[in-house]
file query_26.txt (compact mmCIF, C-alpha atoms)
# COMPACT_ATOMS: atom_id res chain seq x y z
CA MET A 765 17.63 126.84 -154.76
CA ARG A 766 18.17 130.07 -156.78
CA ARG A 767 16.10 132.09 -154.34
CA ARG A 768 18.14 130.79 -151.39
CA GLN A 769 21.39 131.56 -153.21
CA ALA A 770 20.12 135.08 -153.93
CA ILE A 771 19.36 135.60 -150.24
CA PHE A 772 22.80 134.32 -149.30
CA LEU A 773 24.46 136.49 -151.92
CA SER A 774 22.73 139.61 -150.60
CA SER A 775 23.70 138.87 -147.00
CA VAL A 776 27.28 138.08 -147.94
CA ILE A 777 27.66 141.26 -149.98
CA ILE A 778 26.47 143.28 -146.99
CA ALA A 779 28.76 141.37 -144.63
CA ILE A 780 31.78 141.74 -146.86
CA ALA A 781 31.05 145.42 -147.48
CA THR A 782 30.89 146.23 -143.77
CA LEU A 783 33.32 143.74 -142.26
CA GLY A 784 35.23 142.14 -145.08
CA ALA A 785 38.05 144.66 -145.46
CA LEU A 786 38.76 144.78 -141.75
CA SER A 787 38.47 140.99 -141.41
CA TYR A 788 40.80 140.38 -144.31
CA GLY A 789 43.32 142.92 -143.10
CA ILE A 790 43.50 141.38 -139.63
CA SER A 791 43.66 137.85 -141.05
CA TYR A 792 46.36 138.79 -143.54
CA ALA A 793 48.48 140.52 -140.92
CA GLN A 794 48.16 137.61 -138.48
CA ASN A 795 49.04 135.02 -141.10
CA ASN A 796 52.06 137.01 -142.25
CA ALA A 797 53.22 137.53 -138.68
CA ARG A 798 52.92 133.86 -137.86
CA ASP A 799 53.93 132.64 -141.31
CA LYS A 800 51.03 130.19 -141.30
CA ILE A 801 48.80 128.87 -144.06
CA SER A 802 45.15 129.66 -143.33
CA ILE A 803 42.98 126.55 -143.82
CA ILE A 804 39.20 126.40 -143.51
CA THR A 805 37.56 122.97 -143.51
CA THR A 806 33.90 122.08 -143.37
CA PHE A 807 34.15 119.62 -140.47
CA TYR A 808 36.39 117.77 -138.01
CA PRO A 809 38.00 114.89 -139.96
CA LEU A 810 39.30 117.29 -142.61
CA ALA A 811 40.62 119.62 -139.91
CA PHE A 812 42.37 116.66 -138.28
CA TYR A 813 44.15 115.80 -141.54
CA ALA A 814 45.20 119.41 -142.09
CA GLU A 815 46.56 119.82 -138.56
CA ALA A 816 48.32 116.45 -138.60
CA ILE A 817 50.10 117.22 -141.87
CA GLY A 818 50.47 120.99 -141.57
CA GLY A 819 51.65 121.10 -137.95
CA ASP A 820 52.78 124.52 -136.80
CA ARG A 821 52.89 125.80 -140.38
CA VAL A 822 49.12 126.04 -140.61
CA SER A 823 46.14 127.63 -138.88
CA VAL A 824 43.10 125.35 -139.21
CA LYS A 825 39.47 126.18 -138.47
CA PRO A 826 36.43 123.98 -139.18
CA LEU A 827 33.16 125.71 -140.04
CA ILE A 828 30.91 123.12 -138.37
CA PRO A 829 31.33 122.97 -134.57
CA TYR A 830 32.71 119.68 -133.30
CA ASN A 831 30.18 116.91 -132.65
CA SER A 832 27.36 118.65 -134.48
CA GLU A 833 24.94 117.27 -137.06
CA VAL A 834 26.65 117.67 -140.43
CA HIS A 835 23.92 116.89 -142.96
CA SER A 836 21.56 119.75 -142.13
CA TRP A 837 24.08 122.44 -141.09
CA GLN A 838 23.96 125.76 -142.94
CA PRO A 839 26.62 128.51 -143.10
CA SER A 840 26.10 132.07 -141.96
CA ALA A 841 27.31 135.18 -143.75
CA SER A 842 30.29 135.35 -141.37
CA ASP A 843 31.20 131.75 -142.24
CA ILE A 844 31.29 132.70 -145.90
CA ALA A 845 33.47 135.71 -145.13
CA LYS A 846 35.91 133.43 -143.23
CA ALA A 847 36.05 131.06 -146.17
CA ASN A 848 36.78 133.94 -148.51
CA ASP A 849 39.89 134.81 -146.48
CA ALA A 850 41.38 131.29 -146.46
CA ASP A 851 44.45 130.13 -148.35
CA ILE A 852 43.05 126.58 -148.62
CA LEU A 853 39.43 125.44 -148.42
CA ILE A 854 38.69 121.76 -147.84
CA TYR A 855 35.28 120.14 -148.07
CA ASN A 856 34.21 116.52 -148.10
CA GLY A 857 31.95 116.47 -151.13
CA ALA A 858 29.69 113.52 -152.09
CA GLY A 859 26.71 115.60 -151.02
CA LEU A 860 27.63 115.80 -147.32
CA ASP A 861 28.46 119.52 -147.27
CA HIS A 862 26.34 120.45 -150.30
CA TRP A 863 25.90 123.93 -148.85
CA PHE A 864 29.60 124.56 -149.50
CA GLU A 865 29.16 124.06 -153.23
CA GLU A 866 25.82 125.88 -153.33
CA ASP A 867 26.32 128.82 -150.96
CA ILE A 868 30.07 129.34 -150.46
CA LEU A 869 32.06 128.22 -153.46
CA PRO A 870 30.28 130.49 -155.98
CA LEU A 871 31.27 133.50 -153.87
CA ILE A 872 34.94 132.60 -153.35
CA ASN A 873 37.84 134.16 -155.25
CA THR A 874 39.40 130.86 -156.36
CA THR A 875 42.26 132.62 -158.16
CA ARG A 876 44.05 132.97 -154.83
CA THR A 877 42.43 130.11 -152.88
CA ILE A 878 43.08 126.38 -153.30
CA VAL A 879 39.84 124.39 -153.06
CA VAL A 880 40.04 120.70 -152.17
CA GLU A 881 37.16 118.25 -152.62
CA ALA A 882 38.36 115.40 -150.40
CA THR A 883 36.23 112.67 -152.00
CA GLU A 884 37.23 113.48 -155.58
CA GLY A 885 38.36 110.30 -157.33
CA ILE A 886 37.00 107.97 -154.64
CA THR A 887 34.53 105.30 -155.76
CA LEU A 888 31.33 106.18 -153.93
CA HIS A 889 28.32 104.09 -152.91
CA GLU A 890 24.88 105.02 -154.15
CA ALA A 891 22.94 106.72 -151.36
CA SER A 892 20.27 104.03 -151.37
CA GLU A 893 22.77 101.42 -150.18
CA GLY A 894 22.16 100.76 -146.48
CA GLY A 895 19.35 103.29 -146.20
CA ASP A 896 15.94 104.25 -147.47
CA GLU A 897 15.51 104.16 -151.24
CA GLY A 898 14.17 107.71 -151.17
CA GLU A 899 17.28 109.19 -149.63
CA ALA A 900 19.14 109.66 -152.88
CA HIS A 901 16.59 112.33 -153.80
CA ASP A 902 16.59 114.11 -150.46
CA HIS A 903 20.22 113.91 -149.38
CA GLY A 904 22.30 113.52 -152.50
CA GLN A 905 23.16 110.70 -154.85
CA TYR A 906 26.00 109.16 -152.82
CA ASP A 907 26.88 107.94 -149.35
CA PRO A 908 29.32 110.62 -148.12
CA HIS A 909 30.66 108.83 -144.99
CA THR A 910 34.03 107.94 -146.51
CA TRP A 911 36.14 109.20 -143.60
CA VAL A 912 35.05 106.39 -141.24
CA SER A 913 37.15 103.85 -143.20
CA PRO A 914 40.94 104.06 -142.69
CA ASN A 915 41.84 103.29 -146.30
CA LEU A 916 39.53 106.01 -147.66
CA ALA A 917 40.59 108.45 -144.94
CA LEU A 918 44.14 107.98 -146.20
CA GLN A 919 43.07 108.92 -149.72
CA GLN A 920 41.30 112.03 -148.44
CA ALA A 921 44.25 113.07 -146.31
CA GLN A 922 46.57 112.72 -149.30
CA LYS A 923 44.59 115.41 -151.12
CA VAL A 924 45.19 117.74 -148.16
CA TYR A 925 48.90 116.96 -148.31
CA GLU A 926 49.02 117.72 -152.03
CA ALA A 927 47.24 121.04 -151.49
CA LEU A 928 49.84 122.05 -148.90
CA LEU A 929 52.66 121.18 -151.30
CA LEU A 930 51.01 123.32 -153.96
CA LYS A 931 50.50 126.26 -151.63
CA ASP A 932 53.81 126.10 -149.79
CA PRO A 933 56.44 124.13 -151.75
CA ALA A 934 59.25 125.68 -149.73
CA ASN A 935 58.23 123.56 -146.75
CA SER A 936 57.64 120.33 -148.69
CA ALA A 937 60.11 118.33 -146.60
CA TYR A 938 58.30 119.31 -143.39
CA TYR A 939 54.90 118.36 -144.79
CA GLY A 940 56.31 115.19 -146.34
CA GLN A 941 57.60 113.87 -143.04
CA ARG A 942 54.32 114.54 -141.25
CA TRP A 943 52.33 113.06 -144.13
CA GLN A 944 54.35 109.85 -143.96
CA GLU A 945 53.63 109.58 -140.23
CA LEU A 946 49.89 110.01 -140.76
CA LYS A 947 49.91 107.66 -143.74
CA GLU A 948 51.56 104.94 -141.66
CA ARG A 949 48.94 105.35 -138.93
CA PHE A 950 46.12 104.83 -141.42
CA GLU A 951 47.90 101.92 -143.09
CA ASN A 952 48.47 100.25 -139.71
CA LEU A 953 44.82 100.77 -138.79
CA ASP A 954 43.70 99.28 -142.09
CA SER A 955 45.93 96.24 -141.51
CA SER A 956 44.61 95.85 -137.96
CA TYR A 957 41.00 96.00 -139.13
CA GLN A 958 41.66 93.37 -141.80
CA SER A 959 43.57 90.96 -139.59
CA GLU A 960 41.54 91.32 -136.39
CA LEU A 961 38.15 91.02 -138.10
CA SER A 962 39.14 88.16 -140.40
CA ASN A 963 38.19 85.47 -137.88
CA ARG A 964 34.74 86.92 -137.12
CA THR A 965 31.88 84.53 -136.42
CA LYS A 966 29.13 86.94 -137.52
CA ASN A 967 28.74 88.91 -140.73
CA MET A 968 26.37 91.76 -139.91
CA ILE A 969 26.13 94.73 -137.60
CA PHE A 970 23.08 96.75 -136.57
CA VAL A 971 23.52 100.49 -136.22
CA THR A 972 21.21 103.40 -135.46
CA HIS A 973 22.68 105.42 -138.35
CA ALA A 974 23.72 103.60 -141.55
CA ALA A 975 26.95 105.56 -141.92
CA PHE A 976 29.37 102.63 -141.94
CA GLY A 977 28.85 101.21 -145.41
CA TYR A 978 32.42 101.86 -146.57
CA LEU A 979 33.76 100.21 -143.43
CA ALA A 980 31.51 97.19 -144.00
CA GLU A 981 32.52 96.85 -147.65
CA ARG A 982 36.24 97.10 -146.90
CA TYR A 983 36.25 94.48 -144.15
CA GLY A 984 33.61 92.11 -145.47
CA PHE A 985 30.48 92.45 -143.36
CA GLU A 986 27.01 93.96 -143.70
CA GLN A 987 25.43 96.92 -141.93
CA HIS A 988 21.73 97.32 -141.18
CA GLY A 989 20.57 100.73 -140.01
CA VAL A 990 17.55 102.00 -138.13
CA ILE A 991 17.89 105.14 -140.22
CA GLY A 992 19.80 105.50 -143.46
CA ILE A 993 22.45 107.86 -144.82
CA SER A 994 21.04 110.99 -143.16
CA ALA A 995 20.74 111.24 -139.40
CA ASP A 996 17.52 113.30 -139.44
CA GLN A 997 15.12 110.56 -140.53
CA GLN A 998 12.30 109.05 -138.50
CA PRO A 999 12.08 105.25 -138.74
CA SER A 1000 8.74 103.48 -139.00
CA ILE A 1001 7.50 100.93 -136.48
CA THR A 1002 7.65 98.36 -139.25
CA ALA A 1003 11.33 99.12 -139.89
CA LEU A 1004 12.20 98.70 -136.21
CA THR A 1005 10.20 95.46 -135.98
CA ASN A 1006 11.95 94.06 -139.04
CA LEU A 1007 15.37 94.82 -137.58
CA VAL A 1008 14.50 93.09 -134.31
CA THR A 1009 13.32 90.04 -136.26
CA LEU A 1010 16.51 90.01 -138.35
CA MET A 1011 18.72 90.29 -135.26
CA SER A 1012 16.85 87.46 -133.56
CA THR A 1013 17.07 85.26 -136.65
CA HIS A 1014 20.84 85.71 -136.90
CA ASN A 1015 21.51 85.66 -133.15
CA VAL A 1016 23.00 89.13 -133.12
CA TYR A 1017 22.77 90.79 -129.72
CA VAL A 1018 24.81 93.97 -130.15
CA VAL A 1019 23.47 97.36 -131.28
CA PHE A 1020 25.83 100.17 -132.25
CA THR A 1021 25.18 103.88 -131.73
CA ASP A 1022 27.25 107.03 -132.10
CA PRO A 1023 27.52 109.01 -128.83
CA VAL A 1024 26.87 112.30 -130.63
CA TYR A 1025 23.32 111.21 -131.44
CA SER A 1026 20.47 109.98 -129.26
CA ASN A 1027 20.53 106.29 -128.37
CA GLN A 1028 16.73 106.16 -128.30
CA TYR A 1029 16.46 103.78 -131.24
CA ALA A 1030 19.20 101.54 -129.88
CA GLN A 1031 17.28 101.23 -126.64
CA VAL A 1032 14.10 100.35 -128.54
CA LEU A 1033 15.92 97.53 -130.34
CA LYS A 1034 17.52 96.37 -127.09
CA ILE A 1035 14.24 96.22 -125.18
CA ASP A 1036 12.29 94.50 -127.94
CA LEU A 1037 15.02 91.98 -128.74
CA GLU A 1038 15.54 91.09 -125.08
CA ARG A 1039 11.80 90.59 -124.71
CA ILE A 1040 11.60 88.31 -127.73
CA SER A 1041 14.84 86.36 -127.32
CA GLY A 1042 15.44 86.40 -123.57
CA HIS A 1043 19.06 87.22 -124.42
CA GLU A 1044 20.93 90.21 -123.01
CA VAL A 1045 21.63 92.86 -125.66
CA GLN A 1046 24.66 95.16 -125.58
CA VAL A 1047 24.59 98.76 -126.79
CA LEU A 1048 28.11 99.74 -127.90
CA LYS A 1049 29.61 102.92 -129.28
CA LEU A 1050 30.59 103.16 -132.93
CA TYR A 1051 32.07 106.61 -133.47
CA LEU A 1052 31.31 108.69 -136.53
CA MET A 1053 34.31 110.92 -135.74
CA LEU A 1054 32.62 114.31 -135.82
CA GLY A 1055 34.85 115.76 -133.13
CA PRO A 1056 37.01 114.83 -130.14
CA ILE A 1057 34.91 112.96 -127.58
CA ASP A 1058 35.45 110.58 -124.65
CA ASP A 1059 39.10 111.74 -124.54
CA LYS A 1060 39.61 110.31 -128.02
CA ASP A 1061 40.72 112.11 -131.16
CA TYR A 1062 40.00 110.94 -134.71
CA ILE A 1063 42.52 108.09 -134.65
CA GLY A 1064 41.56 107.09 -131.12
CA GLN A 1065 37.93 106.76 -132.20
CA MET A 1066 38.95 104.58 -135.15
CA GLU A 1067 40.84 102.32 -132.76
CA ALA A 1068 37.86 102.15 -130.42
CA ASN A 1069 35.59 101.30 -133.34
CA LEU A 1070 37.74 98.29 -134.16
CA ASN A 1071 37.42 96.98 -130.61
CA SER A 1072 33.65 97.46 -130.67
CA LEU A 1073 33.34 95.73 -134.04
CA LYS A 1074 35.34 92.77 -132.76
CA THR A 1075 32.75 92.35 -130.02
CA GLY A 1076 29.78 92.81 -132.33
CA LEU A 1077 31.13 90.48 -135.03
CA GLY A 1078 32.42 87.86 -132.62
CA ALA A 1079 36.04 88.25 -133.70
call {"tool": "encode", "arguments": {"input": "query_26.txt", "output": "structure tokens"}}
result
Amino acid sequence: MRRRQAIFLSSVIIAIATLGALSYGISYAQNNARDKISIITTFYPLAFYAEAIGGDRVSVKPLIPYNSEVHSWQPSASDIAKANDADILIYNGAGLDHWFEEDILPLINTTRTIVVEATEGITLHEASEGGDEGEAHDHGQYDPHTWVSPNLALQQAQKVYEALLLKDPANSAYYGQRWQELKERFENLDSSYQSELSNRTKNMIFVTHAAFGYLAERYGFEQHGVIGISADQQPSITALTNLVTLMSTHNVYVVFTDPVYSNQYAQVLKIDLERISGHEVQVLKLYLMLGPIDDKDYIGQMEANLNSLKTGLGA
């Protein structure tokens, strides 16, 4: 870890020495001209919160491209330079964007930059829940997929709102109105999930990526994943066979997959379960909300997830 940080430090020093002054000057002039708060986030959900609350008072840029694998992404020297110029930096935490804490945060001048860890204060699941027992060692101690659950997304968005108030108190009324609108959307979603899944006839879902543990806990069902917390695992034949057996035993004939990732494992489950049971198996989308997709933004994907879960849980 120290060697990698040393390499990053050297590259960043070179980048800042050659490009930093010009980059900062242009950024500063643009922000002053537009009177906008510069916000850098690590990925899409955090950018969505910042744009929804900040409106035309902010300029928001995520480091990770939309609909990209989050767990294994690594920043470049130019990404670090961008972060160094921001007024507000927002990262998820809980081990998801560990590279932010390891490679970016130590190099940032935090005396002039507000840093927000969006999962701070949230009760987190151990990483072994819903995934391989060995994942806690390889991918962090906790399950970081908090943003898929409306009630936890609300808590994360509130931290973004509070950061904007701290940075720009003169526009608190503007941010307050937009925050209330976003808060109501999350609260309405949470209520819809609770009411519309309350009459379910099944209590478990089967997913290709076990990223929906917080959703399952909140609304009272179980998730079983082909792969665990991280999306870059390779499942064993035994694991796939056990899932097919479990689905057959409980008469579950829906498999969920996120459209950003390959549906290869979902198709394996579908083919094997249909062969064993003689029952048609549906493969439905369950969005992980890593970027706009299928003409749906973050909220639209949450709404679509509810409809898919109603089908899978027999609600």
call {"tool": "closest_atom_pairs", "arguments": {"input": "query_26.txt", "of": "range 981-1029 of chain A", "to": "range 914-917 of chain A", "cutoff": "12 Å", "atoms": "only C-alpha atoms", "output": "Markdown table"}}
result
| residue | atom | partner | partner_atom | distance |
| --- | --- | --- | --- | --- |
| A:Glu981 | CA | A:Asn915 | CA | 11.4 |
| A:Arg982 | CA | A:Asn915 | CA | 8.4 |
| A:Tyr983 | CA | A:Asn915 | CA | 10.7 |
call {"tool": "closest_atom_pairs", "arguments": {"input": "query_26.txt", "of": "range 829-941 of chain A", "to": "range 1058-1062 of chain A", "cutoff": "12 Å", "atoms": "all atoms listed in the file", "output": "CSV"}}
result
residue,atom,partner,partner_atom,distance
A:Tyr830,CA,A:Asp1061,CA,11.2
A:Asn831,CA,A:Asp1058,CA,11.5
A:Trp911,CA,A:Tyr1062,CA,9.8
A:Val912,CA,A:Tyr1062,CA,9.4
A:Ser913,CA,A:Tyr1062,CA,11.4
A:Pro914,CA,A:Tyr1062,CA,10.6
A:Ala917,CA,A:Tyr1062,CA,10.5
call {"tool": "write_last_selection", "arguments": {"input": "query_26.txt", "atoms": "C-alpha atoms", "output": "mmCIF file, in the frame of the given file"}}
result
data_model
loop_
_atom_site.group_PDB
_atom_site.id
_atom_site.type_symbol
_atom_site.label_atom_id
_atom_site.label_comp_id
_atom_site.auth_asym_id
_atom_site.auth_seq_id
_atom_site.Cartn_x
_atom_site.Cartn_y
_atom_site.Cartn_z
ATOM 1 C CA TYR A 830 32.710 119.680 -133.300
ATOM 2 C CA ASN A 831 30.180 116.910 -132.650
ATOM 3 C CA TRP A 911 36.140 109.200 -143.600
ATOM 4 C CA VAL A 912 35.050 106.390 -141.240
ATOM 5 C CA SER A 913 37.150 103.850 -143.200
ATOM 6 C CA PRO A 914 40.940 104.060 -142.690
ATOM 7 C CA ALA A 917 40.590 108.450 -144.940
#
call {"tool": "closest_residue", "arguments": {"input": "query_26.txt", "among": "A:Ala934, A:Leu869, A:Ile828, A:Val822", "to": "Tyr808 in chain A", "atoms": "all atoms listed in the file"}}
result
A:Ile828
call {"tool": "closest_residue", "arguments": {"input": "query_26.txt", "among": "A:Gln922, A:Gln944, A:Thr910, A:Gln1031", "to": "Ala975 in chain A", "atoms": "all atoms listed in the file"}}
result
A:Thr910
call {"tool": "atom_distance", "arguments": {"input": "query_26.txt", "atom1": "CA of Ile1001 in chain A", "atom2": "CA of Ala974 in chain A"}}
result
17.2 Å
call {"tool": "atom_distance", "arguments": {"input": "query_26.txt", "atom1": "CA of Thr1075 in chain A", "atom2": "CA of Gln920 in chain A"}}
result
28.3 Å
call {"tool": "atom_distance", "arguments": {"input": "query_26.txt", "atom1": "CA of Tyr855 in chain A", "atom2": "CA of Glu948 in chain A"}}
result
23.2 Å
call {"tool": "residues_around", "arguments": {"input": "query_26.txt", "residues": "Lys1074 in chain A", "least_positions_apart": "6", "cutoff": "12 Å", "atoms": "all atoms listed in the file", "output": "mmCIF file with C-alpha atoms, in the frame of the given file"}}
result
data_model
loop_
_atom_site.group_PDB
_atom_site.id
_atom_site.type_symbol
_atom_site.label_atom_id
_atom_site.label_comp_id
_atom_site.auth_asym_id
_atom_site.auth_seq_id
_atom_site.Cartn_x
_atom_site.Cartn_y
_atom_site.Cartn_z
ATOM 1 C CA SER A 956 44.610 95.850 -137.960
ATOM 2 C CA TYR A 957 41.000 96.000 -139.130
ATOM 3 C CA GLN A 958 41.660 93.370 -141.800
ATOM 4 C CA SER A 959 43.570 90.960 -139.590
ATOM 5 C CA GLU A 960 41.540 91.320 -136.390
ATOM 6 C CA LEU A 961 38.150 91.020 -138.100
ATOM 7 C CA SER A 962 39.140 88.160 -140.400
ATOM 8 C CA ASN A 963 38.190 85.470 -137.880
ATOM 9 C CA ARG A 964 34.740 86.920 -137.120
ATOM 10 C CA THR A 965 31.880 84.530 -136.420
ATOM 11 C CA LYS A 966 29.130 86.940 -137.520
ATOM 12 C CA ASN A 967 28.740 88.910 -140.730
ATOM 13 C CA MET A 968 26.370 91.760 -139.910
ATOM 14 C CA ILE A 969 26.130 94.730 -137.600
ATOM 15 C CA TYR A 983 36.250 94.480 -144.150
ATOM 16 C CA PHE A 985 30.480 92.450 -143.360
ATOM 17 C CA VAL A 1018 24.810 93.970 -130.150
ATOM 18 C CA LEU A 1048 28.110 99.740 -127.900
ATOM 19 C CA LEU A 1050 30.590 103.160 -132.930
ATOM 20 C CA GLU A 1067 40.840 102.320 -132.760
ATOM 21 C CA ALA A 1068 37.860 102.150 -130.420
#
call {"tool": "closest_atom_pairs", "arguments": {"input": "query_26.txt", "of": "range 905-1010 of chain A", "to": "range 839-854 of chain A", "cutoff": "9 Å", "atoms": "only C-alpha atoms", "output": "tab-separated table"}}
result
residue	atom	partner	partner_atom	distance
A:Val924	CA	A:Ile854	CA	7.6
A:Ala927	CA	A:Ile852	CA	7.5
A:Leu928	CA	A:Ile852	CA	8.2
A:Lys931	CA	A:Asp851	CA	7.9
call {"tool": "decode", "arguments": {"input": "query_26.txt", "residues": "range 799-874 of chain A", "atoms": "C-alpha atoms", "output": "mmCIF file, in the first residue's frame"}}
result
data_model
loop_
_atom_site.group_PDB
_atom_site.id
_atom_site.type_symbol
_atom_site.label_atom_id
_atom_site.label_comp_id
_atom_site.auth_asym_id
_atom_site.auth_seq_id
_atom_site.Cartn_x
_atom_site.Cartn_y
_atom_site.Cartn_z
ATOM 1 C CA ASP A 799 -20.967 31.756 -9.142
ATOM 2 C CA LYS A 800 -21.155 27.989 -8.764
ATOM 3 C CA ILE A 801 -19.906 25.630 -6.087
ATOM 4 C CA SER A 802 -17.509 23.063 -7.555
ATOM 5 C CA ILE A 803 -18.426 19.541 -6.390
ATOM 6 C CA ILE A 804 -16.504 16.363 -7.188
ATOM 7 C CA THR A 805 -18.132 13.049 -6.288
ATOM 8 C CA THR A 806 -16.776 9.557 -6.658
ATOM 9 C CA PHE A 807 -19.777 8.108 -8.510
ATOM 10 C CA TYR A 808 -23.298 8.660 -9.864
ATOM 11 C CA PRO A 809 -25.657 8.447 -6.854
ATOM 12 C CA LEU A 810 -23.668 11.099 -4.989
ATOM 13 C CA ALA A 811 -23.631 13.310 -8.085
ATOM 14 C CA PHE A 812 -27.401 12.890 -8.364
ATOM 15 C CA TYR A 813 -27.900 14.091 -4.777
ATOM 16 C CA ALA A 814 -25.610 17.071 -5.309
ATOM 17 C CA GLU A 815 -27.316 18.141 -8.537
ATOM 18 C CA ALA A 816 -30.812 17.620 -7.132
ATOM 19 C CA ILE A 817 -30.090 19.775 -4.071
ATOM 20 C CA GLY A 818 -27.598 22.234 -5.551
ATOM 21 C CA GLY A 819 -29.465 22.965 -8.783
ATOM 22 C CA ASP A 820 -27.960 25.776 -10.829
ATOM 23 C CA ARG A 821 -25.807 26.884 -7.898
ATOM 24 C CA VAL A 822 -23.413 23.976 -8.315
ATOM 25 C CA SER A 823 -21.157 22.346 -10.891
ATOM 26 C CA VAL A 824 -21.013 18.586 -10.272
ATOM 27 C CA LYS A 825 -18.604 16.059 -11.768
ATOM 28 C CA PRO A 826 -18.276 12.372 -10.821
ATOM 29 C CA LEU A 827 -14.833 10.788 -11.070
ATOM 30 C CA ILE A 828 -16.078 7.333 -12.103
ATOM 31 C CA PRO A 829 -17.772 7.288 -15.528
ATOM 32 C CA TYR A 830 -21.459 6.407 -15.425
ATOM 33 C CA ASN A 831 -22.324 2.698 -15.482
ATOM 34 C CA SER A 832 -18.784 1.558 -14.768
ATOM 35 C CA GLU A 833 -17.528 -0.995 -12.260
ATOM 36 C CA VAL A 834 -17.001 0.881 -9.000
ATOM 37 C CA HIS A 835 -15.153 -1.584 -6.783
ATOM 38 C CA SER A 836 -11.979 -1.909 -8.852
ATOM 39 C CA TRP A 837 -11.762 1.610 -10.346
ATOM 40 C CA GLN A 838 -8.571 3.580 -9.735
ATOM 41 C CA PRO A 839 -7.966 7.344 -10.105
ATOM 42 C CA SER A 840 -5.425 8.898 -12.428
ATOM 43 C CA ALA A 841 -3.160 11.819 -11.611
ATOM 44 C CA SER A 842 -5.558 14.149 -13.445
ATOM 45 C CA ASP A 843 -8.449 12.874 -11.314
ATOM 46 C CA ILE A 844 -6.498 13.773 -8.206
ATOM 47 C CA ALA A 845 -5.764 17.230 -9.598
ATOM 48 C CA LYS A 846 -9.506 17.744 -10.255
ATOM 49 C CA ALA A 847 -10.316 16.713 -6.713
ATOM 50 C CA ASN A 848 -7.755 19.157 -5.379
ATOM 51 C CA ASP A 849 -9.581 22.029 -7.097
ATOM 52 C CA ALA A 850 -13.057 21.199 -5.737
ATOM 53 C CA ASP A 851 -14.986 23.164 -3.139
ATOM 54 C CA ILE A 852 -16.747 19.996 -1.919
ATOM 55 C CA LEU A 853 -15.616 16.382 -2.253
ATOM 56 C CA ILE A 854 -18.149 13.603 -1.686
ATOM 57 C CA TYR A 855 -17.341 9.920 -1.435
ATOM 58 C CA ASN A 856 -19.422 6.954 -0.367
ATOM 59 C CA GLY A 857 -17.110 5.324 2.148
ATOM 60 C CA ALA A 858 -17.692 1.860 3.695
ATOM 61 C CA GLY A 859 -14.836 0.560 1.566
ATOM 62 C CA LEU A 860 -16.510 1.138 -1.815
ATOM 63 C CA ASP A 861 -14.230 3.957 -2.977
ATOM 64 C CA HIS A 862 -11.264 3.011 -0.772
ATOM 65 C CA TRP A 863 -8.936 4.558 -3.338
ATOM 66 C CA PHE A 864 -10.334 7.977 -2.395
ATOM 67 C CA GLU A 865 -9.134 7.617 1.184
ATOM 68 C CA GLU A 866 -5.858 5.976 0.181
ATOM 69 C CA ASP A 867 -4.784 7.896 -2.926
ATOM 70 C CA ILE A 868 -6.692 11.198 -3.023
ATOM 71 C CA LEU A 869 -7.595 12.405 0.444
ATOM 72 C CA PRO A 870 -4.004 12.472 1.780
ATOM 73 C CA LEU A 871 -3.068 14.854 -1.045
ATOM 74 C CA ILE A 872 -6.000 17.267 -0.694
ATOM 75 C CA ASN A 873 -5.804 20.671 0.989
ATOM 76 C CA THR A 874 -8.750 20.112 3.344
#
